[in-house]
Structure formats: C-alpha cells, structure tokens
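Reproduced below: my_file23.csv, with CSV, C-alpha atoms and all ligand atoms.
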```csv
chain,number,residue,atom,x,y,z
B,1,MET,CA,2.1,-26.2,-3.7
B,2,THR,CA,3.8,-24.4,-6.5
B,3,ILE,CA,1.9,-21.5,-8.1
B,4,THR,CA,2.1,-22.0,-11.8
B,5,SER,CA,-0.6,-19.5,-12.9
B,6,ALA,CA,-2.7,-16.8,-11.4
B,7,ASP,CA,-5.2,-15.0,-13.6
B,8,PHE,CA,-7.8,-12.4,-13.0
B,9,ILE,CA,-11.0,-13.8,-14.5
B,10,THR,CA,-13.8,-11.2,-13.9
B,11,GLY,CA,-15.5,-8.9,-11.4
B,12,ALA,CA,-19.2,-9.3,-10.6
B,13,VAL,CA,-21.8,-7.7,-8.4
B,14,ALA,CA,-24.4,-10.4,-8.6
B,15,PRO,CA,-24.7,-14.2,-9.2
B,16,PRO,CA,-25.4,-13.9,-13.0
B,17,GLY,CA,-22.0,-12.3,-13.3
B,18,TYR,CA,-20.1,-15.0,-11.4
B,19,PRO,CA,-17.7,-17.0,-13.7
B,20,ALA,CA,-18.5,-20.6,-14.4
B,21,LEU,CA,-15.2,-21.9,-13.2
B,22,ARG,CA,-16.5,-25.0,-11.4
B,23,VAL,CA,-13.5,-25.2,-9.2
B,24,PRO,CA,-13.2,-25.0,-5.4
B,25,GLU,CA,-13.3,-21.4,-4.3
B,26,PHE,CA,-11.7,-19.6,-1.3
B,27,ALA,CA,-12.9,-16.1,-0.4
B,28,PHE,CA,-11.2,-13.2,1.5
B,29,PHE,CA,-13.4,-10.9,3.6
B,30,GLY,CA,-12.6,-8.1,5.9
B,31,ARG,CA,-12.7,-4.4,6.7
B,32,SER,CA,-11.4,-2.0,4.0
B,33,ASN,CA,-7.7,-1.7,4.3
B,34,ALA,CA,-7.4,-5.0,6.4
B,35,GLY,CA,-4.9,-6.3,3.8
B,36,LYS,CA,-7.1,-8.6,1.6
B,37,SER,CA,-5.5,-7.7,-1.7
B,38,SER,CA,-2.0,-7.8,-0.3
B,39,LEU,CA,-2.6,-11.2,1.1
B,40,ILE,CA,-3.9,-12.7,-2.1
B,41,ASN,CA,-0.8,-11.3,-3.9
B,42,MET,CA,1.4,-12.8,-1.2
B,43,ILE,CA,-0.2,-16.2,-1.5
B,44,VAL,CA,0.2,-16.4,-5.2
B,45,ASN,CA,3.6,-14.7,-5.2
B,46,ARG,CA,2.6,-11.8,-7.4
B,47,LYS,CA,3.4,-8.2,-6.7
B,48,ALA,CA,0.3,-6.8,-8.3
B,49,LEU,CA,-2.2,-9.4,-9.4
B,50,VAL,CA,-4.6,-7.5,-7.2
B,51,LYS,CA,-4.4,-3.8,-6.8
B,52,THR,CA,-3.6,-2.8,-3.2
B,53,GLY,CA,-3.8,0.4,-1.2
B,54,ALA,CA,-6.6,1.6,-3.4
B,55,ARG,CA,-8.8,4.3,-2.0
B,56,PRO,CA,-10.8,2.4,0.7
B,57,GLY,CA,-14.2,1.4,-0.3
B,58,MET,CA,-13.4,1.6,-4.0
B,59,THR,CA,-13.5,-2.2,-4.5
B,60,ARG,CA,-17.2,-2.5,-5.1
B,61,GLN,CA,-17.3,-5.8,-6.9
B,62,ILE,CA,-16.4,-9.4,-6.2
B,63,ASN,CA,-13.2,-10.2,-8.0
B,64,PHE,CA,-12.4,-13.7,-9.1
B,65,PHE,CA,-8.9,-15.1,-9.7
B,66,LEU,CA,-8.1,-18.6,-11.1
B,67,ILE,CA,-5.0,-20.2,-9.7
B,68,ASN,CA,-3.2,-23.1,-11.3
B,69,LYS,CA,-6.4,-23.6,-13.3
B,70,THR,CA,-7.6,-25.7,-10.3
B,71,PHE,CA,-9.0,-23.4,-7.7
B,72,SER,CA,-10.1,-19.8,-7.4
B,73,LEU,CA,-9.5,-17.0,-4.9
B,74,VAL,CA,-12.1,-14.3,-4.4
B,75,ASP,CA,-11.4,-10.8,-3.2
B,76,LEU,CA,-14.7,-9.6,-1.6
B,77,PRO,CA,-15.5,-5.9,-1.1
B,78,GLY,CA,-14.4,-4.5,2.2
B,79,TYR,CA,-16.8,-3.4,4.9
B,80,GLY,CA,-16.5,-0.4,7.3
B,81,TYR,CA,-16.0,2.3,4.7
B,82,ALA,CA,-17.4,5.3,6.6
B,83,ARG,CA,-18.5,7.3,3.6
B,84,ARG,CA,-20.7,4.6,2.1
B,85,SER,CA,-24.3,5.8,1.7
B,86,ALA,CA,-27.3,3.8,3.0
B,87,ALA,CA,-28.1,2.6,-0.5
B,88,GLU,CA,-24.5,1.5,-1.0
B,89,GLN,CA,-24.6,-0.3,2.3
B,90,THR,CA,-27.7,-2.2,1.3
B,91,ALA,CA,-26.1,-3.1,-2.0
B,92,PHE,CA,-23.0,-4.3,-0.2
B,93,ASP,CA,-25.0,-6.5,2.2
B,94,ARG,CA,-26.9,-8.0,-0.6
B,95,MET,CA,-23.8,-8.7,-2.6
B,96,LEU,CA,-22.2,-10.6,0.3
B,97,ALA,CA,-25.4,-12.5,1.2
B,98,GLU,CA,-25.9,-13.6,-2.4
B,99,TYR,CA,-22.3,-14.7,-2.7
B,100,CYS,CA,-22.6,-16.8,0.5
B,101,ASP,CA,-25.9,-18.3,-0.4
B,102,GLU,CA,-25.5,-18.8,-4.2
B,103,ARG,CA,-21.9,-20.0,-4.6
B,104,PRO,CA,-21.7,-23.7,-3.8
B,105,GLU,CA,-18.1,-23.7,-5.0
B,106,LEU,CA,-17.2,-21.6,-1.9
B,107,LYS,CA,-15.1,-23.9,0.5
B,108,VAL,CA,-13.6,-21.5,3.0
B,109,MET,CA,-14.1,-18.0,4.1
B,110,PHE,CA,-10.8,-16.3,5.2
B,111,PHE,CA,-11.9,-13.5,7.5
B,112,LEU,CA,-9.1,-11.0,7.6
B,113,MET,CA,-8.6,-8.7,10.6
B,114,ASP,CA,-5.8,-6.2,11.3
B,115,MET,CA,-4.2,-7.6,14.4
B,116,ARG,CA,-3.8,-4.1,15.9
B,117,ARG,CA,-7.5,-3.5,15.8
B,118,GLU,CA,-9.8,-4.9,18.5
B,119,PRO,CA,-12.7,-6.8,17.0
B,120,GLY,CA,-16.2,-5.7,17.8
B,121,ALA,CA,-19.8,-6.5,17.0
B,122,ILE,CA,-19.4,-6.4,13.2
B,123,GLU,CA,-16.7,-9.0,13.4
B,124,ARG,CA,-18.5,-11.3,15.8
B,125,ASP,CA,-21.7,-11.0,13.8
B,126,SER,CA,-19.9,-11.7,10.6
B,127,VAL,CA,-18.3,-14.9,11.9
B,128,ALA,CA,-21.7,-16.0,13.2
B,129,TYR,CA,-23.3,-15.2,9.9
B,130,PHE,CA,-20.9,-17.5,8.0
B,131,GLN,CA,-21.1,-20.2,10.6
B,132,GLU,CA,-24.9,-20.2,10.5
B,133,ARG,CA,-24.6,-20.9,6.7
B,134,GLY,CA,-22.3,-23.8,7.2
B,135,ILE,CA,-19.3,-21.9,5.7
B,136,GLU,CA,-16.0,-22.9,7.2
B,137,VAL,CA,-14.2,-19.8,8.6
B,138,PHE,CA,-10.6,-19.0,9.4
B,139,LEU,CA,-9.7,-15.9,11.2
B,140,VAL,CA,-6.7,-14.5,9.5
B,141,GLY,CA,-4.7,-11.9,11.5
B,142,THR,CA,-3.1,-9.4,9.1
B,143,LYS,CA,-0.1,-7.1,9.5
B,144,ALA,CA,1.5,-9.3,12.2
B,145,ASP,CA,4.7,-7.5,11.5
B,146,LYS,CA,3.4,-4.5,13.3
B,147,LEU,CA,3.2,-6.4,16.6
B,148,GLY,CA,5.9,-7.8,18.9
B,149,SER,CA,5.6,-11.5,19.6
B,150,ASN,CA,4.0,-11.0,23.0
B,151,ASP,CA,1.3,-8.8,21.6
B,152,ARG,CA,0.8,-11.2,18.8
B,153,ARG,CA,0.2,-14.1,21.2
B,154,ALA,CA,-2.1,-12.0,23.4
B,155,THR,CA,-4.1,-11.1,20.4
B,156,ILE,CA,-4.6,-14.7,19.3
B,157,ARG,CA,-5.7,-15.6,22.8
B,158,ALA,CA,-8.1,-12.7,22.9
B,159,TRP,CA,-9.6,-13.8,19.6
B,160,GLU,CA,-10.0,-17.4,20.8
B,161,THR,CA,-12.1,-16.1,23.7
B,162,PHE,CA,-14.0,-13.3,21.8
B,163,PHE,CA,-15.0,-15.5,18.8
B,164,SER,CA,-15.1,-18.8,20.8
B,165,VAL,CA,-13.0,-20.6,18.2
B,166,ALA,CA,-10.2,-23.2,18.4
B,167,PRO,CA,-6.6,-21.8,18.2
B,168,ASP,CA,-5.9,-23.6,14.9
B,169,SER,CA,-8.6,-21.6,13.1
B,170,ILE,CA,-6.6,-18.4,13.8
B,171,ILE,CA,-3.8,-17.7,11.5
B,172,PRO,CA,-1.4,-14.7,12.0
B,173,THR,CA,0.0,-13.4,8.7
B,174,SER,CA,2.2,-10.7,7.3
B,175,SER,CA,2.1,-10.0,3.6
B,176,LEU,CA,5.1,-7.8,4.1
B,177,LYS,CA,7.2,-10.5,5.6
B,178,LYS,CA,5.5,-13.4,3.8
B,179,GLN,CA,4.4,-15.0,7.0
B,180,GLY,CA,1.5,-17.5,7.1
B,181,ARG,CA,1.7,-18.3,3.4
B,182,LEU,CA,2.4,-22.0,3.8
B,183,GLN,CA,-0.3,-22.4,6.4
B,184,LEU,CA,-2.9,-20.8,4.1
B,185,LEU,CA,-1.8,-22.9,1.1
B,186,SER,CA,-2.0,-26.0,3.2
B,187,ILE,CA,-5.6,-25.2,4.2
B,188,ILE,CA,-6.4,-24.6,0.5
B,189,SER,CA,-4.6,-27.8,-0.6
B,190,SER,CA,-6.4,-30.0,1.9
B,191,ARG,CA,-9.8,-28.8,0.5
B,192,LEU,CA,-9.1,-29.4,-3.2
B,201,LIG,N1,2.8,-3.5,7.6
B,201,LIG,C1,2.0,-4.2,6.8
B,201,LIG,N2,1.2,-3.5,6.0
B,201,LIG,C2,0.3,-4.2,5.2
B,201,LIG,C3,0.3,-5.6,5.2
B,201,LIG,N3,-0.7,-6.0,4.3
B,201,LIG,C4,-1.2,-4.9,3.8
B,201,LIG,N4,-0.6,-3.8,4.3
B,201,LIG,C5,-0.9,-2.4,3.9
B,201,LIG,O1,-2.3,-2.1,4.3
B,201,LIG,C6,-2.9,-1.3,3.3
B,201,LIG,C7,-4.1,-1.9,2.7
B,201,LIG,O2,-3.8,-3.1,2.1
B,201,LIG,P1,-4.8,-3.8,1.0
B,201,LIG,O3,-4.2,-5.1,0.6
B,201,LIG,O4,-5.0,-2.8,-0.2
B,201,LIG,O5,-6.1,-3.9,1.8
B,201,LIG,P2,-7.6,-4.3,1.4
B,201,LIG,O6,-8.3,-3.0,1.3
B,201,LIG,O7,-8.1,-5.2,2.5
B,201,LIG,O8,-7.5,-5.0,0.1
B,201,LIG,C8,-1.8,-1.0,2.2
B,201,LIG,O9,-1.2,0.2,2.4
B,201,LIG,C9,-0.8,-2.2,2.4
B,201,LIG,O10,0.5,-1.8,2.0
B,201,LIG,C10,1.2,-6.3,6.0
B,201,LIG,O11,1.3,-7.6,6.1
B,201,LIG,N5,2.0,-5.5,6.8
B,202,MG,MG,-8.4,-4.5,-1.8
```
For the file at hand, write its structure as structure tokens.
Ligand SMILES: Nc1nc2c(ncn2[C@@H]2O[C@H](COP(=O)(O)OP(=O)(O)O)[C@@H](O)[C@H]2O)c(=O)[nH]1
Ligand SMILES: [Mg+2]
Amino acid sequence: MTITSADFITGAVAPPGYPALRVPEFAFFGRSNAGKSSLINMIVNRKALVKTGARPGMTRQINFFLINKTFSLVDLPGYGYARRSAAEQTAFDRMLAEYCDERPELKVMFFLMDMRREPGAIERDSVAYFQERGIEVFLVGTKADKLGSNDRRATIRAWETFFSVAPDSIIPTSSLKKQGRLQLLSIISSRL
C-alpha cells in the first residue's frame, strides 16, 4: 500500500464530536509514552503528522486521521499517567468505553506495549475488555530496537502465554528502525 495522503481531521472527547468519515477505522491504544504517536507517523511515513514525546498524559482527546481518503487511524489517549486525578481517570474511562461501544467503523484495536515493560493487570484487563466487545485486537510490541533478538523472542513467547493469544496476533515493531510497518499495513489492507 502506498500512502498518498494523511490528514489530521479532528480531535474529540465524546461521540458527538467524532468525524463522519464513514471509512474503516484502526485505533491505537496503550500506556502514555508507549509509542502510539511515533507508530502512526511511521506507518504513514510522516515525521510529524502526530506530535510525539509530548508531556505524558497531555493527549486528552481522541485524534482522528484520514489516510488515502479510504481509512482512518485513531490516536487514543494513553493510560497510566500517574498524576491524573480521579475525575480525569473517570473521564478517560468513559472516553474509551464510548469509543469502543459507539464507533461501528472501528475494525481493529492495536494495543501498543513497550517490549521492555512486563505487562500486568491493566494490560490483561484491557485486552479482555476489547475481546468481550468483539473488537479484534493485535498486541503491538513497541521499541523492539531496545531489545536483542533473544529478548525479543522471549518477550513474544511470554506475551503469548500471559494474554493467551496466537503468535500471529503479536507484532514487534520499531518506529525508530521502521520495523513492522508492512505487517501493520497488510492487516489494515486486508480489512478494508
Ligand atoms: N527507541 C525507540 N524509541 C521510541 C520508539 N517509538 C517511540 N519512541 C520514543 O518514546 C517516546 C514516546 O513516544 P510517543 O510516540 O510520543 O508515545 P505515545 O505517548 O504513546 O504517543 C518518545 O520519546 C519517542 O521518541 C521506538 O520504536 N524506538
Ligand atoms: Mg502520543
């Protein structure tokens, strides 16, 4: 797939603000700093379509991007920002739940996790949450460049067991080294 256009459409905090794109949509979810924005830039071959390395927790809206005028990529707010207040956490949970429940365009949830970080209850519960709603989930390992090949393989095996998923739903990536791009694009293509 050749990327011919990539445009920021809008940011929204609730369904009335979602754009009426009516194209298949692919969402990116993960802890703050996991590498969501970098991965979207890497997929569409743009250095700065999405702002990266922003102060963690500062992306508090759902950002929609239209690609090739045929599908959209969605940068969801990151979880795990320690300094979030209880009210902000509630707003965050609601934002995610509404997006999952009220966006039929959503085809795939790419759940990004830093490969150096051991997944815990939040990660397992999040995967279960998406699966219960019938949302197809891929586990995207980020920053694979930070691991040697043995550690990378060991991490993938550990995730298979921990999340009880098939190996082909785990995709190691590096935005820095442009690894995993074709695999992600082929998942997207096959669902258009
Ligand atoms: N080494 C390495 N660093 C990365 C990679 N992807 C993102 N980062 C760094 O991780 C930090 C957070 O990235 P960002 O895309 O803003 O994460 P987000 O909060 O999930 O959107 C930034 O400093 C990035 O430069 C990667 O593939 N390899
Ligand atoms: Mg970001």
Please find the residues contacting ligand MG 202 (chain B) at a distance of at most 12 Å between atoms, with only C-alpha atoms and all ligand atoms counted, and report them as an mmCIF file with C-alpha atoms, in the frame of the given file.
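Just written: result_15.cif:
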```
data_model
loop_
_atom_site.group_PDB
_atom_site.id
_atom_site.type_symbol
_atom_site.label_atom_id
_atom_site.label_comp_id
_atom_site.auth_asym_id
_atom_site.auth_seq_id
_atom_site.Cartn_x
_atom_site.Cartn_y
_atom_site.Cartn_z
ATOM 1 C CA PHE B 28 -11.200 -13.200 1.500
ATOM 2 C CA PHE B 29 -13.400 -10.900 3.600
ATOM 3 C CA GLY B 30 -12.600 -8.100 5.900
ATOM 4 C CA ARG B 31 -12.700 -4.400 6.700
ATOM 5 C CA SER B 32 -11.400 -2.000 4.000
ATOM 6 C CA ASN B 33 -7.700 -1.700 4.300
ATOM 7 C CA ALA B 34 -7.400 -5.000 6.400
ATOM 8 C CA GLY B 35 -4.900 -6.300 3.800
ATOM 9 C CA LYS B 36 -7.100 -8.600 1.600
ATOM 10 C CA SER B 37 -5.500 -7.700 -1.700
ATOM 11 C CA SER B 38 -2.000 -7.800 -0.300
ATOM 12 C CA LEU B 39 -2.600 -11.200 1.100
ATOM 13 C CA ILE B 40 -3.900 -12.700 -2.100
ATOM 14 C CA ASN B 41 -0.800 -11.300 -3.900
ATOM 15 C CA ALA B 48 0.300 -6.800 -8.300
ATOM 16 C CA LEU B 49 -2.200 -9.400 -9.400
ATOM 17 C CA VAL B 50 -4.600 -7.500 -7.200
ATOM 18 C CA LYS B 51 -4.400 -3.800 -6.800
ATOM 19 C CA THR B 52 -3.600 -2.800 -3.200
ATOM 20 C CA GLY B 53 -3.800 0.400 -1.200
ATOM 21 C CA ALA B 54 -6.600 1.600 -3.400
ATOM 22 C CA ARG B 55 -8.800 4.300 -2.000
ATOM 23 C CA PRO B 56 -10.800 2.400 0.700
ATOM 24 C CA GLY B 57 -14.200 1.400 -0.300
ATOM 25 C CA MET B 58 -13.400 1.600 -4.000
ATOM 26 C CA THR B 59 -13.500 -2.200 -4.500
ATOM 27 C CA ARG B 60 -17.200 -2.500 -5.100
ATOM 28 C CA GLN B 61 -17.300 -5.800 -6.900
ATOM 29 C CA ILE B 62 -16.400 -9.400 -6.200
ATOM 30 C CA ASN B 63 -13.200 -10.200 -8.000
ATOM 31 C CA VAL B 74 -12.100 -14.300 -4.400
ATOM 32 C CA ASP B 75 -11.400 -10.800 -3.200
ATOM 33 C CA LEU B 76 -14.700 -9.600 -1.600
ATOM 34 C CA PRO B 77 -15.500 -5.900 -1.100
ATOM 35 C CA GLY B 78 -14.400 -4.500 2.200
ATOM 36 C CA TYR B 79 -16.800 -3.400 4.900
ATOM 37 C CA LEU B 112 -9.100 -11.000 7.600
#
```
Residues within 10 Å of Gly134 of chain B, all atoms listed in the file, excluding chain neighbours under 6 positions, as a ChimeraX atom specification: /B:100,107-108,128
Gap from atom CA of Val165 of chain B to atom CA of Val140 of chain B - Å, one decimal: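 Separation of atom CA of Val165 of chain B and atom CA of Val140 of chain B: 12.4 Å.
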Residues within 7 Å of Ala6 of chain B, only C-alpha atoms, excluding chain neighbours under 3 positions, as a PyMOL selection string: chain B and resi 44+65-68
Closest of B:Met115, B:Ala87, B:Met109, B:Leu139 to Ser164 of chain B - atom-to-atom distances counting only C-alpha atoms: B:Leu139
